[in-house]
Every structure is written in structure tokens, then in C-alpha cells.
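Shown next: model_37.pdb, containing PDB, C-alpha atoms (C1' of nucleotides).
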ATOM      1  CA  MET E   1       0.000   0.000   0.000
ATOM      2  CA  ARG E   2       1.887   3.011  -1.276
ATOM      3  CA  HIS E   3       1.047   6.369   0.106
ATOM      4  CA  THR E   4       1.436   9.636  -1.712
ATOM      5  CA  TYR E   5       2.621  12.964  -0.450
ATOM      6  CA  HIS E   6      -1.028  13.919  -0.247
ATOM      7  CA  ASP E   7      -1.690  11.621   2.653
ATOM      8  CA  VAL E   8      -2.109  13.854   5.626
ATOM      9  CA  GLU E   9      -0.805  11.189   7.994
ATOM     10  CA  PHE E  10       2.607  11.278   6.364
ATOM     11  CA  CYS E  11       3.023  15.020   6.003
ATOM     12  CA  ALA E  12       6.225  15.664   7.942
ATOM     13  CA  THR E  13       5.270  19.126   9.097
ATOM     14  CA  ARG E  14       1.902  17.988  10.273
ATOM     15  CA  VAL E  15       3.395  15.154  12.279
ATOM     16  CA  ALA E  16       5.946  17.543  13.793
ATOM     17  CA  LEU E  17       3.225  20.021  14.692
ATOM     18  CA  GLY E  18       1.306  17.124  16.182
ATOM     19  CA  LEU E  19       4.175  16.421  18.564
ATOM     20  CA  LEU E  20       4.134  20.053  19.664
ATOM     21  CA  ALA E  21       0.356  20.262  19.896
ATOM     22  CA  GLY E  22      -0.757  20.582  23.470
ATOM     23  CA  LYS E  23      -1.577  23.648  25.434
ATOM     24  CA  TRP E  24       1.471  23.574  27.711
ATOM     25  CA  LYS E  25       4.129  21.921  25.554
ATOM     26  CA  PRO E  26       5.883  24.977  24.143
ATOM     27  CA  ILE E  27       6.155  26.431  27.644
ATOM     28  CA  ILE E  28       7.489  23.164  29.029
ATOM     29  CA  LEU E  29      10.042  23.029  26.234
ATOM     30  CA  PHE E  30      11.171  26.600  26.824
ATOM     31  CA  HIS E  31      11.692  25.768  30.477
ATOM     32  CA  LEU E  32      13.696  22.697  29.546
ATOM     33  CA  PHE E  33      15.845  24.651  27.079
ATOM     34  CA  GLY E  34      17.279  26.124  30.283
ATOM     35  CA  GLY E  35      18.417  22.695  31.471
ATOM     36  CA  PRO E  36      16.946  19.720  33.356
ATOM     37  CA  ARG E  37      14.060  20.461  35.700
ATOM     38  CA  ARG E  38      12.353  18.511  38.439
ATOM     39  CA  PHE E  39       8.652  17.811  38.222
ATOM     40  CA  THR E  40       7.676  20.148  41.015
ATOM     41  CA  GLU E  41      10.015  22.788  39.709
ATOM     42  CA  LEU E  42       8.161  22.766  36.403
ATOM     43  CA  TRP E  43       4.850  22.721  38.173
ATOM     44  CA  ARG E  44       5.733  25.790  40.214
ATOM     45  CA  GLY E  45       7.263  27.500  37.194
ATOM     46  CA  ILE E  46       4.115  27.136  35.108
ATOM     47  CA  PRO E  47       1.139  28.643  36.931
ATOM     48  CA  ARG E  48      -2.377  27.415  36.360
ATOM     49  CA  VAL E  49      -1.496  23.958  35.110
ATOM     50  CA  SER E  50      -2.633  21.021  37.188
ATOM     51  CA  LYS E  51      -0.283  18.197  38.113
ATOM     52  CA  LYS E  52      -2.351  15.801  36.065
ATOM     53  CA  VAL E  53      -2.230  17.833  32.893
ATOM     54  CA  LEU E  54       1.427  18.747  33.324
ATOM     55  CA  LEU E  55       2.225  15.079  33.728
ATOM     56  CA  GLU E  56       0.204  14.165  30.644
ATOM     57  CA  GLN E  57       2.028  16.704  28.529
ATOM     58  CA  LEU E  58       5.398  15.554  29.851
ATOM     59  CA  ARG E  59       4.557  11.937  29.097
ATOM     60  CA  GLN E  60       3.497  12.857  25.576
ATOM     61  CA  LEU E  61       6.731  14.746  25.024
ATOM     62  CA  GLU E  62       8.530  11.708  26.395
ATOM     63  CA  THR E  63       6.847   9.209  24.095
ATOM     64  CA  ALA E  64       7.449  11.657  21.263
ATOM     65  CA  GLY E  65      11.136  11.297  22.102
ATOM     66  CA  LEU E  66      11.656  14.993  22.790
ATOM     67  CA  VAL E  67      12.092  14.686  26.540
ATOM     68  CA  GLU E  68      13.776  12.171  28.812
ATOM     69  CA  ARG E  69      12.667  11.317  32.309
ATOM     70  CA  THR E  70      15.219  10.281  34.889
ATOM     71  CA  VAL E  71      14.599   8.950  38.380
ATOM     72  CA  HIS E  72      17.514   9.647  40.678
ATOM     73  CA  ASN E  73      17.132   7.137  43.480
ATOM     74  CA  GLY E  74      18.017   8.384  46.881
ATOM     75  CA  PHE E  75      15.653  10.121  49.239
ATOM     76  CA  PRO E  76      13.577  11.925  48.307
ATOM     77  CA  PRO E  77      13.824  10.124  44.919
ATOM     78  CA  GLU E  78      13.863  13.137  42.656
ATOM     79  CA  VAL E  79      12.654  12.931  39.090
ATOM     80  CA  THR E  80      14.098  15.192  36.439
ATOM     81  CA  TYR E  81      12.989  15.908  32.919
ATOM     82  CA  GLN E  82      15.424  17.024  30.258
ATOM     83  CA  LEU E  83      15.513  17.453  26.503
ATOM     84  CA  SER E  84      16.781  14.648  24.299
ATOM     85  CA  ALA E  85      19.088  15.398  21.371
ATOM     86  CA  LYS E  86      16.036  15.368  19.102
ATOM     87  CA  GLY E  87      14.314  17.832  21.403
ATOM     88  CA  THR E  88      17.325  20.078  21.652
ATOM     89  CA  GLU E  89      17.488  20.373  17.881
ATOM     90  CA  LEU E  90      14.015  21.875  17.940
ATOM     91  CA  GLY E  91      15.348  24.818  19.905
ATOM     92  CA  PRO E  92      16.471  27.031  17.011
ATOM     93  CA  ILE E  93      13.298  26.297  15.075
ATOM     94  CA  LEU E  94      11.027  27.226  17.961
ATOM     95  CA  ARG E  95      13.057  30.346  18.548
ATOM     96  CA  ARG E  96      12.519  31.399  14.955
ATOM     97  CA  LEU E  97       8.818  30.723  15.317
ATOM     98  CA  ASP E  98       8.908  32.812  18.471
ATOM     99  CA  GLN E  99      10.539  35.660  16.571
ATOM    100  CA  TRP E 100       8.012  35.388  13.805
ATOM    101  CA  ALA E 101       5.151  35.548  16.288
ATOM    102  CA  MET E 102       6.591  38.519  18.139
ATOM    103  CA  THR E 103       6.928  40.570  14.990
ATOM    104  CA  HIS E 104       3.531  39.597  13.621
ATOM    105  CA  ILE E 105       1.172  39.066  16.534
ATOM    106  CA  GLU E 106      -0.120  41.710  18.867
ATOM    107  CA  GLY E 107       0.147  41.256  22.639
ATOM    108  CA  VAL E 108       2.464  38.311  22.573
ATOM    109  CA  VAL E 109       5.505  38.014  24.780
ATOM    110  CA  GLN E 110       8.864  36.289  24.773
ATOM    111  CA  ILE E 111       8.977  33.434  27.229
ATOM    112  CA  SER E 112      12.614  32.488  27.418
TER     113      SER E 112
ATOM    114  CA  MET G   1      -3.487  43.813  35.011
ATOM    115  CA  ARG G   2       0.118  42.970  34.137
ATOM    116  CA  HIS G   3       0.854  39.585  32.724
ATOM    117  CA  THR G   4       4.112  37.730  33.097
ATOM    118  CA  TYR G   5       5.957  35.634  30.607
ATOM    119  CA  HIS G   6       4.459  32.664  32.410
ATOM    120  CA  ASP G   7       0.991  33.347  31.143
ATOM    121  CA  VAL G   8       0.297  30.709  28.590
ATOM    122  CA  GLU G   9      -1.989  32.997  26.611
ATOM    123  CA  PHE G  10       0.892  35.320  25.813
ATOM    124  CA  CYS G  11       3.551  32.753  24.963
ATOM    125  CA  ALA G  12       4.488  33.714  21.428
ATOM    126  CA  THR G  13       5.344  30.217  20.304
ATOM    127  CA  ARG G  14       2.140  28.826  21.670
ATOM    128  CA  VAL G  15       0.072  31.438  19.885
ATOM    129  CA  ALA G  16       1.967  30.767  16.661
ATOM    130  CA  LEU G  17       1.428  27.028  17.018
ATOM    131  CA  GLY G  18      -2.214  27.779  17.685
ATOM    132  CA  LEU G  19      -2.500  29.477  14.305
ATOM    133  CA  LEU G  20      -1.039  26.398  12.653
ATOM    134  CA  ALA G  21      -3.086  23.939  14.662
ATOM    135  CA  GLY G  22      -5.623  22.218  12.496
ATOM    136  CA  LYS G  23      -5.433  18.916  10.760
ATOM    137  CA  TRP G  24      -5.175  20.275   7.224
ATOM    138  CA  LYS G  25      -3.440  23.600   7.693
ATOM    139  CA  PRO G  26       0.164  22.609   7.001
ATOM    140  CA  ILE G  27      -0.926  20.874   3.823
ATOM    141  CA  ILE G  28      -2.958  23.862   2.729
ATOM    142  CA  LEU G  29       0.016  26.119   3.392
ATOM    143  CA  PHE G  30       2.371  23.901   1.424
ATOM    144  CA  HIS G  31      -0.023  24.011  -1.493
ATOM    145  CA  LEU G  32      -0.193  27.796  -1.250
ATOM    146  CA  PHE G  33       3.597  28.113  -1.089
ATOM    147  CA  GLY G  34       3.320  27.101  -4.747
ATOM    148  CA  GLY G  35       1.212  30.168  -5.544
ATOM    149  CA  PRO G  36      -2.473  31.170  -5.420
ATOM    150  CA  ARG G  37      -4.987  28.368  -5.694
ATOM    151  CA  ARG G  38      -8.709  28.231  -6.320
ATOM    152  CA  PHE G  39     -10.983  26.619  -3.792
ATOM    153  CA  THR G  40     -11.788  23.612  -5.911
ATOM    154  CA  GLU G  41      -8.170  23.263  -6.921
ATOM    155  CA  LEU G  42      -7.217  22.899  -3.272
ATOM    156  CA  TRP G  43     -10.098  20.571  -2.641
ATOM    157  CA  ARG G  44      -9.044  18.266  -5.482
ATOM    158  CA  GLY G  45      -5.398  18.522  -4.443
ATOM    159  CA  ILE G  46      -6.078  17.418  -0.890
ATOM    160  CA  PRO G  47      -7.892  14.076  -0.879
ATOM    161  CA  ARG G  48     -10.184  13.049   1.933
ATOM    162  CA  VAL G  49     -11.008  16.521   3.191
ATOM    163  CA  SER G  50     -14.603  17.658   2.958
ATOM    164  CA  LYS G  51     -15.535  21.025   1.510
ATOM    165  CA  LYS G  52     -16.859  22.122   4.862
ATOM    166  CA  VAL G  53     -13.694  21.338   6.769
ATOM    167  CA  LEU G  54     -11.425  22.710   4.062
ATOM    168  CA  LEU G  55     -13.401  25.919   4.122
ATOM    169  CA  GLU G  56     -13.202  26.106   7.911
ATOM    170  CA  GLN G  57      -9.452  25.716   7.853
ATOM    171  CA  LEU G  58      -9.094  28.308   5.107
ATOM    172  CA  ARG G  59     -11.251  30.777   7.028
ATOM    173  CA  GLN G  60      -9.170  30.223  10.153
ATOM    174  CA  LEU G  61      -5.976  30.812   8.216
ATOM    175  CA  GLU G  62      -7.607  33.916   6.807
ATOM    176  CA  THR G  63      -8.627  35.369  10.149
ATOM    177  CA  ALA G  64      -5.160  34.488  11.398
ATOM    178  CA  GLY G  65      -3.890  36.734   8.638
ATOM    179  CA  LEU G  66      -1.829  34.054   6.942
ATOM    180  CA  VAL G  67      -4.009  33.696   3.870
ATOM    181  CA  GLU G  68      -5.944  36.132   1.710
ATOM    182  CA  ARG G  69      -9.135  35.346  -0.129
ATOM    183  CA  THR G  70      -9.906  37.088  -3.388
ATOM    184  CA  VAL G  71     -13.117  36.960  -5.380
ATOM    185  CA  HIS G  72     -12.527  37.615  -9.066
ATOM    186  CA  ASN G  73     -15.906  38.644 -10.390
ATOM    187  CA  GLY G  74     -16.691  37.484 -13.826
ATOM    188  CA  PHE G  75     -18.308  34.170 -14.637
ATOM    189  CA  PRO G  76     -17.844  31.780 -13.088
ATOM    190  CA  PRO G  77     -16.783  34.097 -10.207
ATOM    191  CA  GLU G  78     -13.610  32.320  -9.196
ATOM    192  CA  VAL G  79     -12.243  32.562  -5.695
ATOM    193  CA  THR G  80      -8.537  32.270  -5.043
ATOM    194  CA  TYR G  81      -6.607  31.846  -1.849
ATOM    195  CA  GLN G  82      -3.036  33.042  -1.512
ATOM    196  CA  LEU G  83      -0.494  33.615   1.218
ATOM    197  CA  SER G  84      -0.166  37.033   2.819
ATOM    198  CA  ALA G  85       3.290  38.493   3.513
ATOM    199  CA  LYS G  86       2.969  37.215   7.069
ATOM    200  CA  GLY G  87       2.128  33.758   5.768
ATOM    201  CA  THR G  88       4.929  33.766   3.254
ATOM    202  CA  GLU G  89       7.441  34.495   5.979
ATOM    203  CA  LEU G  90       6.412  31.267   7.669
ATOM    204  CA  GLY G  91       7.725  29.346   4.682
ATOM    205  CA  PRO G  92      11.353  28.958   5.728
ATOM    206  CA  ILE G  93      10.372  28.075   9.279
ATOM    207  CA  LEU G  94       7.971  25.364   8.191
ATOM    208  CA  ARG G  95      10.576  24.025   5.825
ATOM    209  CA  ARG G  96      13.045  23.713   8.662
ATOM    210  CA  LEU G  97      10.430  21.954  10.736
ATOM    211  CA  ASP G  98       9.840  19.669   7.791
ATOM    212  CA  GLN G  99      13.546  18.883   7.625
ATOM    213  CA  TRP G 100      13.672  18.215  11.330
ATOM    214  CA  ALA G 101      10.737  15.834  11.090
ATOM    215  CA  MET G 102      12.177  13.977   8.127
ATOM    216  CA  THR G 103      15.452  13.301   9.882
ATOM    217  CA  HIS G 104      13.836  12.340  13.179
ATOM    218  CA  ILE G 105      10.526  10.691  12.457
ATOM    219  CA  GLU G 106       9.988   7.353  10.826
ATOM    220  CA  GLY G 107       7.612   7.002   7.876
ATOM    221  CA  VAL G 108       7.154  10.660   7.223
ATOM    222  CA  VAL G 109       7.305  12.177   3.781
ATOM    223  CA  GLN G 110       8.086  15.521   2.175
ATOM    224  CA  ILE G 111       5.010  17.215   0.884
ATOM    225  CA  SER G 112       6.322  20.068  -1.211
TER     226      SER G 112
ATOM    227  C1'  DT Z   1       2.974  12.709  66.295
ATOM    228  C1'  DG Z   2       1.289  14.927  62.693
ATOM    229  C1'  DA Z   3       1.960  18.117  58.909
ATOM    230  C1'  DA Z   4       4.101  18.948  54.629
ATOM    231  C1'  DC Z   5       6.498  17.667  50.416
ATOM    232  C1'  DG Z   6       7.548  14.995  46.094
ATOM    233  C1'  DG Z   7       5.567  12.648  42.412
ATOM    234  C1'  DG Z   8       1.946  10.952  41.075
ATOM    235  C1'  DT Z   9      -3.137   8.575  40.259
ATOM    236  C1'  DT Z  10      -8.257   8.373  39.826
ATOM    237  C1'  DA Z  11     -13.056   9.807  38.649
ATOM    238  C1'  DC Z  12     -15.614  12.665  36.266
ATOM    239  C1'  DC Z  13     -17.031  16.393  33.011
ATOM    240  C1'  DA Z  14     -17.529  20.231  29.301
ATOM    241  C1'  DG Z  15     -16.238  22.107  25.016
ATOM    242  C1'  DC Z  16     -14.159  21.987  20.667
ATOM    243  C1'  DC Z  17     -12.771  19.916  16.425
ATOM    244  C1'  DG Z  18     -13.162  17.274  12.701
ATOM    245  C1'  DG Z  19     -16.328  14.156  10.142
ATOM    246  C1'  DT Z  20     -20.637  12.800   7.204
ATOM    247  C1'  DA Z  21     -24.323  13.876   4.274
ATOM    248  C1'  DA Z  22     -27.490  16.599   2.134
ATOM    249  C1'  DC Z  23     -28.705  20.897   0.107
ATOM    250  C1'  DC Z  24     -28.343  25.586  -2.484
ATOM    251  C1'  DT Z  25     -27.498  29.148  -6.332
ATOM    252  C1'  DT Z  26     -25.800  30.743 -10.550
ATOM    253  C1'  DC Z  27     -23.979  29.728 -14.841
ATOM    254  C1'  DT Z  28     -22.302  26.727 -18.694
ATOM    255  C1'  DT Z  29     -22.184  22.634 -21.522
ATOM    256  C1'  DG Z  30     -23.851  18.300 -24.091
TER     257       DG Z  30
ATOM    258  C1'  DC O   1     -33.566  20.446 -21.044
ATOM    259  C1'  DA O   2     -30.886  18.111 -17.843
ATOM    260  C1'  DA O   3     -26.570  17.651 -15.715
ATOM    261  C1'  DG O   4     -22.562  19.399 -13.828
ATOM    262  C1'  DA O   5     -19.215  22.670 -11.913
ATOM    263  C1'  DA O   6     -17.945  26.372  -8.549
ATOM    264  C1'  DG O   7     -18.221  27.828  -3.954
ATOM    265  C1'  DG O   8     -20.461  27.290  -0.330
ATOM    266  C1'  DT O   9     -24.104  26.302   3.828
ATOM    267  C1'  DT O  10     -26.713  23.514   7.218
ATOM    268  C1'  DA O  11     -27.764  19.829  10.630
ATOM    269  C1'  DC O  12     -26.028  16.606  13.348
ATOM    270  C1'  DC O  13     -22.631  13.702  15.869
ATOM    271  C1'  DG O  14     -18.583  11.225  18.320
ATOM    272  C1'  DG O  15     -14.055  11.466  20.350
ATOM    273  C1'  DC O  16     -10.207  13.756  22.211
ATOM    274  C1'  DT O  17      -8.250  17.293  25.211
ATOM    275  C1'  DG O  18      -7.913  19.888  28.954
ATOM    276  C1'  DG O  19      -9.996  21.022  33.460
ATOM    277  C1'  DT O  20     -11.365  20.214  38.613
ATOM    278  C1'  DA O  21     -10.984  17.885  42.834
ATOM    279  C1'  DA O  22      -9.798  14.437  45.737
ATOM    280  C1'  DC O  23      -6.746  10.872  47.071
ATOM    281  C1'  DC O  24      -2.233   8.067  47.800
ATOM    282  C1'  DC O  25       2.407   6.461  49.509
ATOM    283  C1'  DG O  26       6.840   7.099  51.487
ATOM    284  C1'  DT O  27       9.940  10.367  53.812
ATOM    285  C1'  DT O  28      11.538  14.207  56.443
ATOM    286  C1'  DC O  29      10.947  18.088  59.616
ATOM    287  C1'  DA O  30       9.009  20.841  63.629
TER     288       DA O  30
END
Starting from the file, give its structure as C-alpha cells.
Amino acid sequence: MRHTYHDVEFCATRVALGLLAGKWKPIILFHLFGGPRRFTELWRGIPRVSKKVLLEQLRQLETAGLVERTVHNGFPPEVTYQLSAKGTELGPILRRLDQWAMTHIEGVVQIS
Amino acid sequence: MRHTYHDVEFCATRVALGLLAGKWKPIILFHLFGGPRRFTELWRGIPRVSKKVLLEQLRQLETAGLVERTVHNGFPPEVTYQLSAKGTELGPILRRLDQWAMTHIEGVVQIS
DNA sequence: TGAACGGGTTACCAGCCGGTAACCTTCTTG
DNA sequence: CAAGAAGGTTACCGGCTGGTAACCCGTTCA
């Protein structure tokens, strides 16, 4: 079963945008561009997101391969989230998108 | 009422991704990167999208200011959609995202 | 001893988004 | 004269996403 470039499921950009789709994901990523962060650290750093939703978005970023989760055993067993190589390479692209938005959209603000 | 860079509503990247969010929008944009297209031309060029949904996505791109709709009166009164300056400037960014996806995601295909 | 913290989990719900199918108007073509 | 094309519109519907609120377990601190 050959697919053509028309098939929406195989459109690279669409799939990429799909990985980034999620209300809190860009913000999470911008936090992680600053280095590894603990769960609670992210939670405190991003007001108005619930633990449940934050966790969902992190897990989705993780299964997308953009973020890695590490459990450091010891007590308290801290959990950190950090960008993978794949995720890090998105940095420059998101920054350009950020620039684009700031020059073209009213009322928008730089986050990082 | 000051807002901080934390406020998700003002995160530039998130707003930009919001404009691009929509199942068919990247495909529509890639078609329009090739020049102005008539409604039916787009509809035929993008299999499996209904007129209603295609029109919705086009209208959203239009109110986002990425796409311009022109009615050429005459008969039949053809309607064309083309990128605005703002939309055109997204081109290079989407292409980079496309590149990123093609090197990092399995089974994905270049559309333009 | 009990309160708080870290990192979650569970139950439940509302709204939006995309999808199907039918219909419409004006004009042209066989 | 009927059918089709162009560019839509309308009614209706199911599933996913994000949201709230409460709960949980193990550990450390006052």
C-alpha cells in the first residue's frame, strides 16, 4: 500500500506540529531549554497547570522522544525531565517561530 | 493587570502554534507556497477533506492573517486563496520543521 | 505525632474539532 | 432540457483534550 505525499498522515510538518500540539508543551520546552528540571520545579514554574495535565504533557513529550525522564534514586527520589538530542534540535526552530510571532502578533511576549 | 511571561496565553510560540493547529493547515500552506490556488483546486489537491472542513481551515488561516481570499468577479466568479506576507514568511520556518521531522521521524514524507 | 512535600493517580465532566451527508445558487455545456 | 461545476451552507454527531478535585504512599521536619 503506497502512500502519496497527499496523505495527511505522512506530512512531515503535520506530524511535527502534532508532537508540539498541546496547550502547555511549548512552555514546558522553553523551560527545559534552560536545562533539566524537576517535576515540582516545572509545576511551580508554570502557573495554572494542574499536576495531572502537566504530567500528561510531559509523558506525551517523552513518548514523542523529545524529553527524557530520569529517576535519581536516593531520598527523596527526585525525578528530572530534560531534553533529548532530538528535542534540543528543535530549539532554534522554535526560537525562529517565536521571533516570527513577536513581529507579527499583537500582545504576545517572549517566554525564554 | 500585568501579565508575566508565564501566562500561557501570551507565549508567542504557543500562539503561533495555535494558528497552525488544524489537521489540514500545514498541507494547505504547502499548497499555497506554490502560488495562489482556487478553492476547488485545493479541494481536489487534498484528498479526503470535505468542503466544509477545508473551508473552515481556510477561514481560520484567513482570520489568522496568513491567507488572503480574493473573489474575481466574472463568470464563473472564481475565488482564489493566496499567502499574505505574514504567511509567506512562515515558509522557511515550516521548511526547517519539515527537515527536522524527516530526519527524526519514521515514515514521514516531504510534501512540497 | 502529625503536617508537609515529592511525584503521582483516579473519577468525572464540558467544550471543541473534525467528520458525514445533504442541500443551495448561478452559470455553462452536451 | 438536464446535468454538472464552482463555492459554499446547514444539521447533526462522536471522540479527544484539557480542566477540577480528591486521594495516595513514602519520607523528612518541627
Query raised in the report: Using the chain letters and numbers from the file, which residues does the PyMOL selection byres ((chain Z) within 10 of (chain G)) grab, as a list in words?
Result: DC17, DG18, DG19, DT20, DT26, DC27 and DT28 of chain Z
With the file shown as input, list the residues that the PyMOL selection byres ((chain O and resi 16) around 10) selects, as an mmCIF file with C-alpha atoms (C1' of nucleotides), in the frame of the given file.
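Full text of selection29.cif as output:
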data_model
loop_
_atom_site.group_PDB
_atom_site.id
_atom_site.type_symbol
_atom_site.label_atom_id
_atom_site.label_comp_id
_atom_site.auth_asym_id
_atom_site.auth_seq_id
_atom_site.Cartn_x
_atom_site.Cartn_y
_atom_site.Cartn_z
ATOM 1 C "C1'" DC Z 16 -14.159 21.987 20.667
ATOM 2 C "C1'" DC Z 17 -12.771 19.916 16.425
ATOM 3 C "C1'" DG O 14 -18.583 11.225 18.320
ATOM 4 C "C1'" DG O 15 -14.055 11.466 20.350
ATOM 5 C "C1'" DT O 17 -8.250 17.293 25.211
ATOM 6 C "C1'" DG O 18 -7.913 19.888 28.954
#
Report task. Report as a PyMOL selection string the set of chain E residues whose atoms approach chain G to within 10 Å, with distances computed over all atoms listed in the file. Result -> chain E and resi 3-27+30+45-49+64-65+86-87+89-90+92-112
Query raised in the report: So how far away is atom CA of Leu42 of chain E from atom CA of Gln82 of chain E, in Å?
Result: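 Here the two named atoms are 11.1 Å from each other.
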Starting from the displayed file, determine the output of the PyMOL selection byres ((chain Z and resi 2) around 12) and express the residue list as an mmCIF file with C-alpha atoms (C1' of nucleotides), keeping the file's coordinate frame.
data_model
loop_
_atom_site.group_PDB
_atom_site.id
_atom_site.type_symbol
_atom_site.label_atom_id
_atom_site.label_comp_id
_atom_site.auth_asym_id
_atom_site.auth_seq_id
_atom_site.Cartn_x
_atom_site.Cartn_y
_atom_site.Cartn_z
ATOM 1 C "C1'" DT Z 1 2.974 12.709 66.295
ATOM 2 C "C1'" DA Z 3 1.960 18.117 58.909
ATOM 3 C "C1'" DA Z 4 4.101 18.948 54.629
ATOM 4 C "C1'" DC O 29 10.947 18.088 59.616
ATOM 5 C "C1'" DA O 30 9.009 20.841 63.629
#
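The gap separating atom C1' of DG8 of chain O from atom CA of Leu66 of chain G is 21.1 Å, in Å to one decimal.
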Produce the least-squares-superposed copy of chain E, fitted on chain G over all in-order C-alpha pairs, as a tab-separated table (two decimals) with C-alpha atoms, keeping the file's coordinate frame.
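selection11.tsv, written as the output of this step:
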chain	number	residue	atom	x	y	z
E	1	MET	CA	-3.42	43.90	34.89
E	2	ARG	CA	0.15	42.99	34.05
E	3	HIS	CA	0.86	39.58	32.71
E	4	THR	CA	4.09	37.71	33.12
E	5	TYR	CA	5.95	35.56	30.67
E	6	HIS	CA	4.42	32.61	32.47
E	7	ASP	CA	0.97	33.33	31.16
E	8	VAL	CA	0.30	30.68	28.61
E	9	GLU	CA	-1.99	32.97	26.63
E	10	PHE	CA	0.88	35.30	25.83
E	11	CYS	CA	3.54	32.74	24.99
E	12	ALA	CA	4.49	33.71	21.45
E	13	THR	CA	5.34	30.21	20.32
E	14	ARG	CA	2.14	28.81	21.69
E	15	VAL	CA	0.07	31.43	19.91
E	16	ALA	CA	1.97	30.76	16.68
E	17	LEU	CA	1.43	27.03	17.03
E	18	GLY	CA	-2.22	27.78	17.70
E	19	LEU	CA	-2.50	29.49	14.32
E	20	LEU	CA	-1.03	26.41	12.66
E	21	ALA	CA	-3.09	23.95	14.68
E	22	GLY	CA	-5.63	22.23	12.52
E	23	LYS	CA	-5.43	18.93	10.78
E	24	TRP	CA	-5.19	20.28	7.23
E	25	LYS	CA	-3.44	23.62	7.69
E	26	PRO	CA	0.16	22.63	7.03
E	27	ILE	CA	-0.92	20.87	3.84
E	28	ILE	CA	-2.96	23.87	2.73
E	29	LEU	CA	0.01	26.13	3.39
E	30	PHE	CA	2.38	23.91	1.44
E	31	HIS	CA	-0.01	24.03	-1.49
E	32	LEU	CA	-0.19	27.80	-1.25
E	33	PHE	CA	3.60	28.13	-1.09
E	34	GLY	CA	3.34	27.12	-4.75
E	35	GLY	CA	1.21	30.17	-5.54
E	36	PRO	CA	-2.47	31.16	-5.43
E	37	ARG	CA	-4.99	28.34	-5.69
E	38	ARG	CA	-8.70	28.21	-6.33
E	39	PHE	CA	-10.99	26.60	-3.79
E	40	THR	CA	-11.80	23.58	-5.90
E	41	GLU	CA	-8.19	23.23	-6.90
E	42	LEU	CA	-7.23	22.90	-3.25
E	43	TRP	CA	-10.11	20.56	-2.63
E	44	ARG	CA	-9.03	18.26	-5.44
E	45	GLY	CA	-5.39	18.53	-4.42
E	46	ILE	CA	-6.06	17.42	-0.86
E	47	PRO	CA	-7.86	14.07	-0.83
E	48	ARG	CA	-10.15	13.06	1.98
E	49	VAL	CA	-10.98	16.54	3.22
E	50	SER	CA	-14.58	17.65	2.98
E	51	LYS	CA	-15.53	21.02	1.52
E	52	LYS	CA	-16.85	22.10	4.88
E	53	VAL	CA	-13.68	21.33	6.78
E	54	LEU	CA	-11.42	22.70	4.06
E	55	LEU	CA	-13.40	25.91	4.12
E	56	GLU	CA	-13.20	26.12	7.91
E	57	GLN	CA	-9.45	25.72	7.86
E	58	LEU	CA	-9.09	28.31	5.11
E	59	ARG	CA	-11.24	30.77	7.02
E	60	GLN	CA	-9.17	30.24	10.15
E	61	LEU	CA	-5.97	30.83	8.21
E	62	GLU	CA	-7.62	33.93	6.79
E	63	THR	CA	-8.64	35.38	10.14
E	64	ALA	CA	-5.17	34.49	11.40
E	65	GLY	CA	-3.89	36.77	8.64
E	66	LEU	CA	-1.83	34.07	6.94
E	67	VAL	CA	-4.01	33.71	3.87
E	68	GLU	CA	-5.95	36.14	1.70
E	69	ARG	CA	-9.14	35.34	-0.13
E	70	THR	CA	-9.91	37.07	-3.40
E	71	VAL	CA	-13.12	36.93	-5.40
E	72	HIS	CA	-12.50	37.60	-9.07
E	73	ASN	CA	-15.87	38.67	-10.42
E	74	GLY	CA	-16.68	37.46	-13.85
E	75	PHE	CA	-18.34	34.18	-14.66
E	76	PRO	CA	-17.84	31.77	-13.12
E	77	PRO	CA	-16.75	34.08	-10.25
E	78	GLU	CA	-13.59	32.29	-9.23
E	79	VAL	CA	-12.24	32.54	-5.71
E	80	THR	CA	-8.53	32.26	-5.06
E	81	TYR	CA	-6.61	31.85	-1.86
E	82	GLN	CA	-3.04	33.04	-1.52
E	83	LEU	CA	-0.50	33.62	1.22
E	84	SER	CA	-0.16	37.04	2.81
E	85	ALA	CA	3.28	38.50	3.52
E	86	LYS	CA	2.96	37.22	7.09
E	87	GLY	CA	2.12	33.78	5.77
E	88	THR	CA	4.93	33.78	3.27
E	89	GLU	CA	7.45	34.50	6.00
E	90	LEU	CA	6.42	31.27	7.68
E	91	GLY	CA	7.71	29.34	4.69
E	92	PRO	CA	11.36	28.96	5.74
E	93	ILE	CA	10.37	28.08	9.29
E	94	LEU	CA	7.97	25.36	8.20
E	95	ARG	CA	10.56	24.02	5.82
E	96	ARG	CA	13.04	23.71	8.66
E	97	LEU	CA	10.42	21.95	10.74
E	98	ASP	CA	9.83	19.67	7.78
E	99	GLN	CA	13.53	18.88	7.61
E	100	TRP	CA	13.65	18.22	11.31
E	101	ALA	CA	10.72	15.83	11.06
E	102	MET	CA	12.15	13.97	8.09
E	103	THR	CA	15.43	13.31	9.84
E	104	HIS	CA	13.83	12.35	13.14
E	105	ILE	CA	10.50	10.69	12.43
E	106	GLU	CA	9.98	7.36	10.79
E	107	GLY	CA	7.60	7.01	7.83
E	108	VAL	CA	7.15	10.67	7.19
E	109	VAL	CA	7.30	12.20	3.75
E	110	GLN	CA	8.10	15.53	2.15
E	111	ILE	CA	5.00	17.24	0.85
E	112	SER	CA	6.30	20.09	-1.24
Query raised in the report: Could you state the separation of atom C1' of DA2 of chain O and atom CA of Glu78 of chain G in Å, given to one decimal place?
Result: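 Straight-line distance from atom C1' of DA2 of chain O to atom CA of Glu78 of chain G works out to 24.0 Å.
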**Report entry** Interface residues on chain O facing chain E, 10 Å, only C-alpha atoms (C1' of nucleotides), written as a PyMOL selection string
**Finding:** chain O and resi 17-20+26-28
Query - Nearest residue to DT9 of chain Z from the set E:Leu55, E:Gly35, E:Gly74, E:Glu41 (distances using all atoms listed in the file) - result: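 Among E:Leu55, E:Gly35, E:Gly74, E:Glu41, it is E:Leu55 that comes nearest to DT9 of chain Z.
Proximity ranking of O:DG7, O:DC13, O:DC25, O:DC1 relative to DG8 of chain Z places O:DC25 first, based on all atoms listed in the file.
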